[in-house]
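For reference, the structure is listed below as structure tokens.
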Amino acid sequence: MTDKIHRFIFDTFGIRGEMVHLAASSQRMIEAHNYPSLIADLLQQAAAVNVLLATTLKFEGRISIQLQGSGALKMLVVQTTHELGYRGVAHFDEQQDYSKLGFTDLIKDGQMCITIEPVKGRRYQGVVPLEGNNLAECVETYFKQSEQLNTRIWLYNDSSQVFGLLIQALPDMLSEESFQHLETLASTLTADECLTVENDVLLHRLFHDESVINLTEETVKFSCECSPEKMLNALILLSDDEIEEILQESGEVAMTCEFCLNHYAFNEVDIKQHKSMDGNSTQH
Ligand SMILES: [Zn+2]
């Protein structure tokens, strides 16, 4: 199975759709993090949702989905660029017994935040309470409340891959009946076929009797935006005394990117150089 997203449109109905499958990239996102399976499931599903939303970016930048709550899940974020590279991470209560918990325990009193950040221009943010029995329902509610767009989302995953399907009414939708008709067709999908059959075969299987136009087929990948420069930017937020103390103890400051788990190490010279460059760039 390949990591791809397909976009299509039911032109006579005025309804658009997208189908995404993430396997190698989602494995890369969750590997070595030691997430409880409930958290890993949710992170993979959030990645599928975020990639589904990212295809509508019409400029250079990124879109992110963030869940925050006071239950077992503290914070979960996935960020996807306009080039469909994504990364994600979750913070959770490590003392919990996750075998006894479900989705609603994870996201207790939580909220979902969708942020669009263009490289140039204003950032947009929509926030809604997390209401629903699963992530798909929460995202459907988000679209109803903040965008007034009738949207249905199906998400299926196992321990190493995730599938997502989105159907969304366009402003010129023909009728409610046409939306319900596509909903009924999509609801016949089983988790097993979604995770074992390629997108294009599934699309044909589901919609071969409909007037559907395939728009794009794009590759999705795991991609972390961390760099020595960004890590140093974070590091110099510490006080000089704190940095000095770490350098005295171990000769370097070791840092790990929380998304990709890449290790970085900076010595005194690295930090001094970065500070002087940072000072120069803010003067100009
Ligand atoms: Zn990274």
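Naming works like this for the structure tokens: A, B, ... for the chains as they're shown, residue 1 at the start of each chain, ligands 1 onward in shown order.
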I'd like a table as JSON lines: residues in chain A with an atom no more than 12 Å from ligand 1, each row giving the shortest atom pair and its distance in Å to one decimal, only C-alpha atoms and all ligand atoms counted, sorted by chain and rising residue number.
{"residue": "A:Arg28", "atom": "CA", "partner": "ligand 1", "partner_atom_place_in_ligand_line": "1 (Zn)", "distance": 11.4}
{"residue": "A:Met29", "atom": "CA", "partner": "ligand 1", "partner_atom_place_in_ligand_line": "1 (Zn)", "distance": 10.2}
{"residue": "A:Gln79", "atom": "CA", "partner": "ligand 1", "partner_atom_place_in_ligand_line": "1 (Zn)", "distance": 11.9}
{"residue": "A:Tyr86", "atom": "CA", "partner": "ligand 1", "partner_atom_place_in_ligand_line": "1 (Zn)", "distance": 10.8}
{"residue": "A:Arg87", "atom": "CA", "partner": "ligand 1", "partner_atom_place_in_ligand_line": "1 (Zn)", "distance": 8.2}
{"residue": "A:Gly88", "atom": "CA", "partner": "ligand 1", "partner_atom_place_in_ligand_line": "1 (Zn)", "distance": 9.7}
{"residue": "A:Val89", "atom": "CA", "partner": "ligand 1", "partner_atom_place_in_ligand_line": "1 (Zn)", "distance": 10.3}
{"residue": "A:Phe222", "atom": "CA", "partner": "ligand 1", "partner_atom_place_in_ligand_line": "1 (Zn)", "distance": 10.3}
{"residue": "A:Ser223", "atom": "CA", "partner": "ligand 1", "partner_atom_place_in_ligand_line": "1 (Zn)", "distance": 8.0}
{"residue": "A:Cys224", "atom": "CA", "partner": "ligand 1", "partner_atom_place_in_ligand_line": "1 (Zn)", "distance": 4.6}
{"residue": "A:Glu225", "atom": "CA", "partner": "ligand 1", "partner_atom_place_in_ligand_line": "1 (Zn)", "distance": 5.9}
{"residue": "A:Cys226", "atom": "CA", "partner": "ligand 1", "partner_atom_place_in_ligand_line": "1 (Zn)", "distance": 4.2}
{"residue": "A:Ser227", "atom": "CA", "partner": "ligand 1", "partner_atom_place_in_ligand_line": "1 (Zn)", "distance": 7.2}
{"residue": "A:Pro228", "atom": "CA", "partner": "ligand 1", "partner_atom_place_in_ligand_line": "1 (Zn)", "distance": 9.8}
{"residue": "A:Glu229", "atom": "CA", "partner": "ligand 1", "partner_atom_place_in_ligand_line": "1 (Zn)", "distance": 11.9}
{"residue": "A:Lys230", "atom": "CA", "partner": "ligand 1", "partner_atom_place_in_ligand_line": "1 (Zn)", "distance": 9.9}
{"residue": "A:Met231", "atom": "CA", "partner": "ligand 1", "partner_atom_place_in_ligand_line": "1 (Zn)", "distance": 9.3}
{"residue": "A:Met255", "atom": "CA", "partner": "ligand 1", "partner_atom_place_in_ligand_line": "1 (Zn)", "distance": 10.6}
{"residue": "A:Thr256", "atom": "CA", "partner": "ligand 1", "partner_atom_place_in_ligand_line": "1 (Zn)", "distance": 7.9}
{"residue": "A:Cys257", "atom": "CA", "partner": "ligand 1", "partner_atom_place_in_ligand_line": "1 (Zn)", "distance": 4.6}
{"residue": "A:Glu258", "atom": "CA", "partner": "ligand 1", "partner_atom_place_in_ligand_line": "1 (Zn)", "distance": 6.6}
{"residue": "A:Phe259", "atom": "CA", "partner": "ligand 1", "partner_atom_place_in_ligand_line": "1 (Zn)", "distance": 5.0}
{"residue": "A:Cys260", "atom": "CA", "partner": "ligand 1", "partner_atom_place_in_ligand_line": "1 (Zn)", "distance": 4.1}
{"residue": "A:Leu261", "atom": "CA", "partner": "ligand 1", "partner_atom_place_in_ligand_line": "1 (Zn)", "distance": 6.1}
{"residue": "A:Asn262", "atom": "CA", "partner": "ligand 1", "partner_atom_place_in_ligand_line": "1 (Zn)", "distance": 5.7}
{"residue": "A:His263", "atom": "CA", "partner": "ligand 1", "partner_atom_place_in_ligand_line": "1 (Zn)", "distance": 8.6}
{"residue": "A:Tyr264", "atom": "CA", "partner": "ligand 1", "partner_atom_place_in_ligand_line": "1 (Zn)", "distance": 9.9}
Could those residues be written to a file, using C-alpha atoms, as a PDB file, in the first residue's frame?
ATOM      1  CA  ARG A  28       7.452   6.671  10.842  1.00  0.00           C
ATOM      2  CA  MET A  29       5.343   9.101  12.881  1.00  0.00           C
ATOM      3  CA  GLN A  79       1.042  19.568  11.005  1.00  0.00           C
ATOM      4  CA  TYR A  86       3.328  15.846   7.742  1.00  0.00           C
ATOM      5  CA  ARG A  87       4.512  15.207  11.288  1.00  0.00           C
ATOM      6  CA  GLY A  88       2.673  14.667  14.565  1.00  0.00           C
ATOM      7  CA  VAL A  89       3.172  14.077  18.264  1.00  0.00           C
ATOM      8  CA  PHE A 222       6.351  11.999   6.757  1.00  0.00           C
ATOM      9  CA  SER A 223       8.400  15.159   6.935  1.00  0.00           C
ATOM     10  CA  CYS A 224       9.775  16.906   9.997  1.00  0.00           C
ATOM     11  CA  GLU A 225      10.728  20.548   9.753  1.00  0.00           C
ATOM     12  CA  CYS A 226      13.272  20.450  12.555  1.00  0.00           C
ATOM     13  CA  SER A 227      16.783  21.792  11.923  1.00  0.00           C
ATOM     14  CA  PRO A 228      19.859  22.723  13.989  1.00  0.00           C
ATOM     15  CA  GLU A 229      18.874  26.378  13.597  1.00  0.00           C
ATOM     16  CA  LYS A 230      15.324  25.861  14.932  1.00  0.00           C
ATOM     17  CA  MET A 231      16.601  23.768  17.832  1.00  0.00           C
ATOM     18  CA  MET A 255      18.259  18.021  22.434  1.00  0.00           C
ATOM     19  CA  THR A 256      15.752  15.667  20.838  1.00  0.00           C
ATOM     20  CA  CYS A 257      13.062  16.714  18.369  1.00  0.00           C
ATOM     21  CA  GLU A 258       9.769  15.606  19.909  1.00  0.00           C
ATOM     22  CA  PHE A 259       8.256  14.857  16.489  1.00  0.00           C
ATOM     23  CA  CYS A 260      10.919  12.793  14.691  1.00  0.00           C
ATOM     24  CA  LEU A 261      13.133  11.976  17.719  1.00  0.00           C
ATOM     25  CA  ASN A 262      16.266  13.166  15.879  1.00  0.00           C
ATOM     26  CA  HIS A 263      19.086  14.024  18.264  1.00  0.00           C
ATOM     27  CA  TYR A 264      21.010  17.251  18.246  1.00  0.00           C
TER      28      TYR A 264
END
Select from segment 163-255 of chain A every residue with an atom at most 10 Å from any atom of segment 132-142 of chain A, then for each give the shortest pair of atoms and their distance in Å to one decimal, using only C-alpha atoms, rows by chain and rising number, as a Markdown table.
| residue | atom | partner | partner_atom | distance |
| --- | --- | --- | --- | --- |
| A:Gly164 | CA | A:Ala136 | CA | 9.2 |
| A:Leu165 | CA | A:Ala136 | CA | 9.8 |
| A:Leu166 | CA | A:Ala136 | CA | 9.5 |
| A:Gln168 | CA | A:Glu140 | CA | 9.7 |
DSSP-assigned alpha helix (DSSP H) members of segment 46-249 of chain A, reported as a PyMOL selection string: chain A and resi 46-54+103-106+135-142+176-186+191-196+199-207+228-235+240-249
With segment 48-55 of chain A as the partner and 12 Å as the cut-off, tabulate the residues of segment 167-218 of chain A that qualify, each row holding the nearest pair of atoms and their distance in Å to one decimal, using only C-alpha atoms, sorted by chain and rising number, as a Markdown table.
| residue | atom | partner | partner_atom | distance |
| --- | --- | --- | --- | --- |
| A:Ile167 | CA | A:Leu52 | CA | 10.4 |
| A:Gln168 | CA | A:Leu52 | CA | 11.2 |
| A:Leu215 | CA | A:Thr55 | CA | 11.5 |
| A:Thr216 | CA | A:Thr55 | CA | 9.8 |
| A:Glu217 | CA | A:Thr55 | CA | 10.6 |
| A:Glu218 | CA | A:Thr55 | CA | 9.3 |
Residues within 12 Å of Gln95 of chain A, please, as a ChimeraX atom specification. Count only C-alpha atoms; anything in the same chain fewer than 4 positions from it doesn't count. /A:36,71-73
How would the residues just chosen look if you wrote them out with C-alpha atoms as a PDB file, in the first residue's frame?
ATOM      1  CA  PRO A  36      -0.336   3.273  24.147  1.00  0.00           C
ATOM      2  CA  GLY A  71      -8.341  13.723  30.284  1.00  0.00           C
ATOM      3  CA  ALA A  72      -5.623  11.150  29.635  1.00  0.00           C
ATOM      4  CA  LEU A  73      -4.596  12.965  26.461  1.00  0.00           C
TER       5      LEU A  73
END
Please identify which residues in segment 32-132 of chain A DSSP calls strand (DSSP E) from the backbone, and express them as a count of residues only. 39
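From atom CA of Ser99 of chain A back to atom CA of Val77 of chain A, the distance works out to 22.5 Å.
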Find the residue from A:Leu84, A:Leu195, A:Leu106, A:Ile236 that sits nearest to Ser159 of chain A; use only C-alpha atoms when measuring. A:Leu195
Just to confirm, what's the straight-line distance from atom CA of Leu57 of chain A to atom CA of Thr80 of chain A in Å (one decimal)? 10.0 Å
Could you list, as a ChimeraX atom specification, every residue within 10 Å of segment 119-125 of chain A, counting only C-alpha atoms and ignoring same-chain residues fewer than 2 positions away? /A:59-65,113-117,127
Residue with the minimum atom-to-atom distance to Val220 of chain A, picked from A:Asn267, A:Ser37, A:Thr81, A:Gln68 with only C-alpha atoms counted, is A:Thr81
